[in-house]
Every structure is written in C-alpha cells, then in structure tokens.
>>> print(open('run-v9.cif').read())   # mmCIF, C-alpha atoms
data_work
#
loop_
_atom_site.label_atom_id
_atom_site.label_comp_id
_atom_site.auth_asym_id
_atom_site.auth_seq_id
_atom_site.Cartn_x
_atom_site.Cartn_y
_atom_site.Cartn_z
CA MET A 1 0.00 0.00 0.00
CA THR A 2 1.09 3.55 -0.53
CA GLU A 3 1.23 6.38 1.94
CA SER A 4 -1.75 8.09 0.24
CA VAL A 5 -4.20 5.42 1.37
CA ARG A 6 -6.13 6.49 4.43
CA ARG A 7 -7.88 4.16 6.84
CA ASP A 8 -10.70 6.55 7.79
CA GLY A 9 -12.58 6.27 4.48
CA TYR A 10 -11.76 9.78 3.23
CA PRO A 11 -9.40 10.53 0.35
CA SER A 12 -6.11 12.16 1.27
CA THR A 13 -4.99 15.47 -0.15
CA SER A 14 -1.55 15.88 -1.65
CA PRO A 15 0.56 18.99 -1.00
CA GLY A 16 -0.53 20.45 -4.35
CA GLY A 17 -4.16 20.35 -3.25
CA SER A 18 -5.31 17.51 -5.53
CA VAL A 19 -7.32 14.70 -4.07
CA ASP A 20 -5.91 11.18 -4.21
CA ALA A 21 -9.21 9.44 -4.86
CA SER A 22 -10.38 6.49 -6.88
CA PRO A 23 -12.25 7.08 -10.14
CA GLU A 24 -15.46 6.11 -8.35
CA GLN A 25 -14.88 8.88 -5.81
CA ARG A 26 -14.04 11.45 -8.51
CA MET A 27 -16.93 10.57 -10.87
CA PRO A 28 -20.18 12.35 -10.00
CA GLU A 29 -22.22 9.53 -11.58
CA TRP A 30 -21.29 7.32 -8.62
CA ASP A 31 -23.12 9.71 -6.28
CA THR A 32 -26.70 10.10 -7.49
CA ALA A 33 -27.66 12.32 -4.54
CA HIS A 34 -26.24 15.40 -6.31
CA THR A 35 -28.63 15.20 -9.28
CA GLY A 36 -31.55 16.72 -7.40
CA ASP A 37 -29.47 19.63 -6.17
CA VAL A 38 -28.53 21.01 -9.57
CA GLY A 39 -32.00 20.95 -11.12
CA VAL A 40 -30.87 18.88 -14.10
CA ASP A 41 -32.83 15.85 -15.24
CA VAL A 42 -30.16 13.16 -15.46
CA ALA A 43 -31.12 9.86 -17.05
CA GLU A 44 -29.90 6.57 -15.64
CA PRO A 45 -26.65 5.56 -17.31
CA GLU A 46 -27.03 2.92 -20.00
CA PRO A 47 -25.75 -0.50 -18.97
CA MET A 48 -22.35 -1.27 -20.43
CA GLY A 49 -22.43 -4.48 -22.48
CA ILE A 50 -24.59 -7.55 -22.13
CA ASP A 51 -25.85 -8.49 -18.68
CA PRO A 52 -23.28 -11.00 -17.38
CA ALA A 53 -26.07 -13.35 -16.26
CA ASP A 54 -27.10 -13.66 -19.93
CA LEU A 55 -23.64 -14.74 -21.10
CA ALA A 56 -22.73 -18.39 -21.69
CA ASP A 57 -19.75 -19.61 -19.63
CA GLU A 58 -17.43 -19.42 -22.64
CA ASP A 59 -18.51 -15.83 -23.41
CA LEU A 60 -18.16 -14.81 -19.76
CA ILE A 61 -14.57 -16.10 -19.64
CA ARG A 62 -13.76 -14.39 -22.96
CA GLU A 63 -15.11 -11.05 -21.64
CA ILE A 64 -13.15 -11.35 -18.38
CA HIS A 65 -10.00 -12.23 -20.32
CA SER A 66 -10.47 -9.19 -22.57
CA LEU A 67 -10.83 -6.84 -19.59
CA HIS A 68 -7.77 -8.25 -17.86
CA ARG A 69 -5.75 -7.96 -21.10
CA THR A 70 -6.57 -4.23 -21.36
CA ARG A 71 -6.34 -3.47 -17.62
CA LEU A 72 -2.91 -1.82 -17.46
CA ASP A 73 -3.49 0.41 -20.48
CA THR A 74 -6.84 1.51 -19.07
CA LEU A 75 -5.34 2.21 -15.65
CA ARG A 76 -2.43 4.19 -17.04
CA HIS A 77 -3.91 6.04 -19.99
CA ALA A 78 -7.73 6.11 -19.99
CA THR A 79 -9.93 8.95 -18.81
CA ASP A 80 -11.48 8.75 -15.35
CA ALA A 81 -14.84 7.89 -16.95
CA ALA A 82 -13.31 5.05 -18.99
CA LEU A 83 -11.49 3.69 -15.95
CA ALA A 84 -14.68 3.85 -13.88
CA ASN A 85 -16.54 1.94 -16.61
CA HIS A 86 -13.73 -0.62 -16.79
CA LEU A 87 -13.82 -1.13 -13.01
CA ARG A 88 -17.61 -1.43 -13.02
CA ARG A 89 -17.68 -3.96 -15.85
CA THR A 90 -14.86 -6.01 -14.34
CA ALA A 91 -16.74 -6.19 -11.03
CA GLU A 92 -19.96 -7.23 -12.79
CA LEU A 93 -18.28 -10.01 -14.78
CA GLU A 94 -16.15 -11.32 -11.91
CA THR A 95 -19.13 -11.30 -9.54
CA GLU A 96 -21.11 -13.37 -12.06
CA TYR A 97 -18.20 -15.81 -12.41
CA LEU A 98 -17.98 -16.25 -8.62
CA THR A 99 -21.76 -16.70 -8.43
CA ARG A 100 -21.57 -19.52 -10.97
CA HIS A 101 -18.45 -21.11 -9.47
CA PRO A 102 -18.56 -20.63 -5.67
CA GLY A 103 -16.49 -23.78 -5.07
CA ARG A 104 -13.89 -23.03 -7.71
CA GLU A 105 -10.68 -25.02 -7.55
CA VAL A 106 -7.86 -23.21 -5.76
CA ASP A 107 -4.36 -24.04 -6.98
CA PRO A 108 -2.30 -24.99 -3.89
CA GLY A 109 0.76 -23.48 -5.58
CA ARG A 110 -0.86 -20.04 -5.34
CA LEU A 111 -1.32 -20.22 -1.54
CA ARG A 112 1.02 -18.28 0.70
CA ASP A 113 2.70 -19.87 3.66
CA LEU A 114 1.44 -18.20 6.81
#
>>> encode(input="run-v9.cif", output="structure tokens")
Amino acid sequence: MTESVRRDGYPSTSPGGSVDASPEQRMPEWDTAHTGDVGVDVAEPEPMGIDPADLADEDLIREIHSLHRTRLDTLRHATDAALANHLRRTAELETEYLTRHPGREVDPGRLRDL
C-alpha cells in the first residue's frame, strides 16, 4: 500500500491540493444524490455491455480475459470515466463468475505460507 491510502474512508490530499481518490470517488455519476441539487434531469446511465447473467460460460470467460488484457493500459492512460466503466464492468463479470463457481478449484501453488 502507498502512503496516500487512508484508513478513515476519506481521500487524502496531496501537498498540491489535488485529491488522491479512486475514479469512483471522482466521478459524479457514482453519487446520485447530487442530481436533485442542480436541477438537471439526469437519465440513468445505460448499462455497459450484455448483462453478465445472460452470457454463456465461454462468453463470460472471454469477456473477463479481454478486460484483464486491457487493464494496465486503461489504468495508465484512460480517462477517469473510462477507468470507472472498466472497473464497473470487471466487477460485474467477476461477480457473475464467482456466483456460478462458488467452489472453484484453488491451486495450492498459489497459496502463501502463513
């Protein structure tokens, strides 16, 4: 972990005044409470891609693989909105995978000695 991570749930502020926050914390779409305050009628965001529950196992794995393949580029070079969408879609797909495979095989070689 880095020094910028705080344990109290609030983003830290760097000396230059910028906030070290995740894309979810920086993106107003993640906080729907603000929409009533500005007097703007904001539509619900369109879902990104096919509902993971509707994907066949092979398609689900292919989609997860595609997201993992593009992860570093998205993290390093994408806009905050693109990164937020990437994080959201990854969570949706991985959650669906874990729902389908709750007793997935764990490779003993990947376990740490405690």
>>> residues_around(input="run-v9.cif", residues="Glu96 (chain A)", least_positions_apart="3", cutoff="9 Å", atoms="only C-alpha atoms", output="compact mmCIF listing (two decimals) with C-alpha atoms, in the coordinates of the input")
# COMPACT_ATOMS: atom_id res chain seq x y z
CA PRO A 52 -23.28 -11.00 -17.38
CA ALA A 53 -26.07 -13.35 -16.26
CA LEU A 60 -18.16 -14.81 -19.76
CA ALA A 91 -16.74 -6.19 -11.03
CA GLU A 92 -19.96 -7.23 -12.79
CA LEU A 93 -18.28 -10.01 -14.78
CA THR A 99 -21.76 -16.70 -8.43
CA ARG A 100 -21.57 -19.52 -10.97
CA HIS A 101 -18.45 -21.11 -9.47
>>> residues_near_point(input="run-v9.cif", point="(-9.5, -13.2, -19.4)", cutoff="12 Å", atoms="only C-alpha atoms", output="number ranges by chain")
A: 58-71, 90, 93-94, 97
>>> atom_distance(input="run-v9.cif", atom1="CA of Thr95 (chain A)", atom2="CA of Leu111 (chain A)")
21.5 Å
>>> atom_distance(input="run-v9.cif", atom1="CA of Thr74 (chain A)", atom2="CA of Gly49 (chain A)")
17.0 Å
>>> closest_residue(input="run-v9.cif", among="A:Gly103, A:Arg89, A:Ala82, A:Leu75", to="Asp51 (chain A)", atoms="only C-alpha atoms")
A:Arg89
>>> atom_distance(input="run-v9.cif", atom1="CA of His77 (chain A)", atom2="CA of Leu55 (chain A)")
28.7 Å
>>> decode(input="run-v9.cif", residues="region 41-103 of chain A", atoms="C-alpha atoms", output="tab-separated table (two decimals), in the first residue's frame")
chain	number	residue	atom	x	y	z
A	41	ASP	CA	-32.83	15.85	-15.24
A	42	VAL	CA	-30.16	13.16	-15.46
A	43	ALA	CA	-31.12	9.86	-17.05
A	44	GLU	CA	-29.90	6.57	-15.64
A	45	PRO	CA	-26.65	5.56	-17.31
A	46	GLU	CA	-27.03	2.92	-20.00
A	47	PRO	CA	-25.75	-0.50	-18.97
A	48	MET	CA	-22.35	-1.27	-20.43
A	49	GLY	CA	-22.43	-4.48	-22.48
A	50	ILE	CA	-24.59	-7.55	-22.13
A	51	ASP	CA	-25.85	-8.49	-18.68
A	52	PRO	CA	-23.28	-11.00	-17.38
A	53	ALA	CA	-26.07	-13.35	-16.26
A	54	ASP	CA	-27.10	-13.66	-19.93
A	55	LEU	CA	-23.64	-14.74	-21.10
A	56	ALA	CA	-22.73	-18.39	-21.69
A	57	ASP	CA	-19.75	-19.61	-19.63
A	58	GLU	CA	-17.43	-19.42	-22.64
A	59	ASP	CA	-18.51	-15.83	-23.41
A	60	LEU	CA	-18.16	-14.81	-19.76
A	61	ILE	CA	-14.57	-16.10	-19.64
A	62	ARG	CA	-13.76	-14.39	-22.96
A	63	GLU	CA	-15.11	-11.05	-21.64
A	64	ILE	CA	-13.15	-11.35	-18.38
A	65	HIS	CA	-10.00	-12.23	-20.32
A	66	SER	CA	-10.47	-9.19	-22.57
A	67	LEU	CA	-10.83	-6.84	-19.59
A	68	HIS	CA	-7.77	-8.25	-17.86
A	69	ARG	CA	-5.75	-7.96	-21.10
A	70	THR	CA	-6.57	-4.23	-21.36
A	71	ARG	CA	-6.34	-3.47	-17.62
A	72	LEU	CA	-2.91	-1.82	-17.46
A	73	ASP	CA	-3.49	0.41	-20.48
A	74	THR	CA	-6.84	1.51	-19.07
A	75	LEU	CA	-5.34	2.21	-15.65
A	76	ARG	CA	-2.43	4.19	-17.04
A	77	HIS	CA	-3.91	6.04	-19.99
A	78	ALA	CA	-7.73	6.11	-19.99
A	79	THR	CA	-9.93	8.95	-18.81
A	80	ASP	CA	-11.48	8.75	-15.35
A	81	ALA	CA	-14.84	7.89	-16.95
A	82	ALA	CA	-13.31	5.05	-18.99
A	83	LEU	CA	-11.49	3.69	-15.95
A	84	ALA	CA	-14.68	3.85	-13.88
A	85	ASN	CA	-16.54	1.94	-16.61
A	86	HIS	CA	-13.73	-0.62	-16.79
A	87	LEU	CA	-13.82	-1.13	-13.01
A	88	ARG	CA	-17.61	-1.43	-13.02
A	89	ARG	CA	-17.68	-3.96	-15.85
A	90	THR	CA	-14.86	-6.01	-14.34
A	91	ALA	CA	-16.74	-6.19	-11.03
A	92	GLU	CA	-19.96	-7.23	-12.79
A	93	LEU	CA	-18.28	-10.01	-14.78
A	94	GLU	CA	-16.15	-11.32	-11.91
A	95	THR	CA	-19.13	-11.30	-9.54
A	96	GLU	CA	-21.11	-13.37	-12.06
A	97	TYR	CA	-18.20	-15.81	-12.41
A	98	LEU	CA	-17.98	-16.25	-8.62
A	99	THR	CA	-21.76	-16.70	-8.43
A	100	ARG	CA	-21.57	-19.52	-10.97
A	101	HIS	CA	-18.45	-21.11	-9.47
A	102	PRO	CA	-18.56	-20.63	-5.67
A	103	GLY	CA	-16.49	-23.78	-5.07
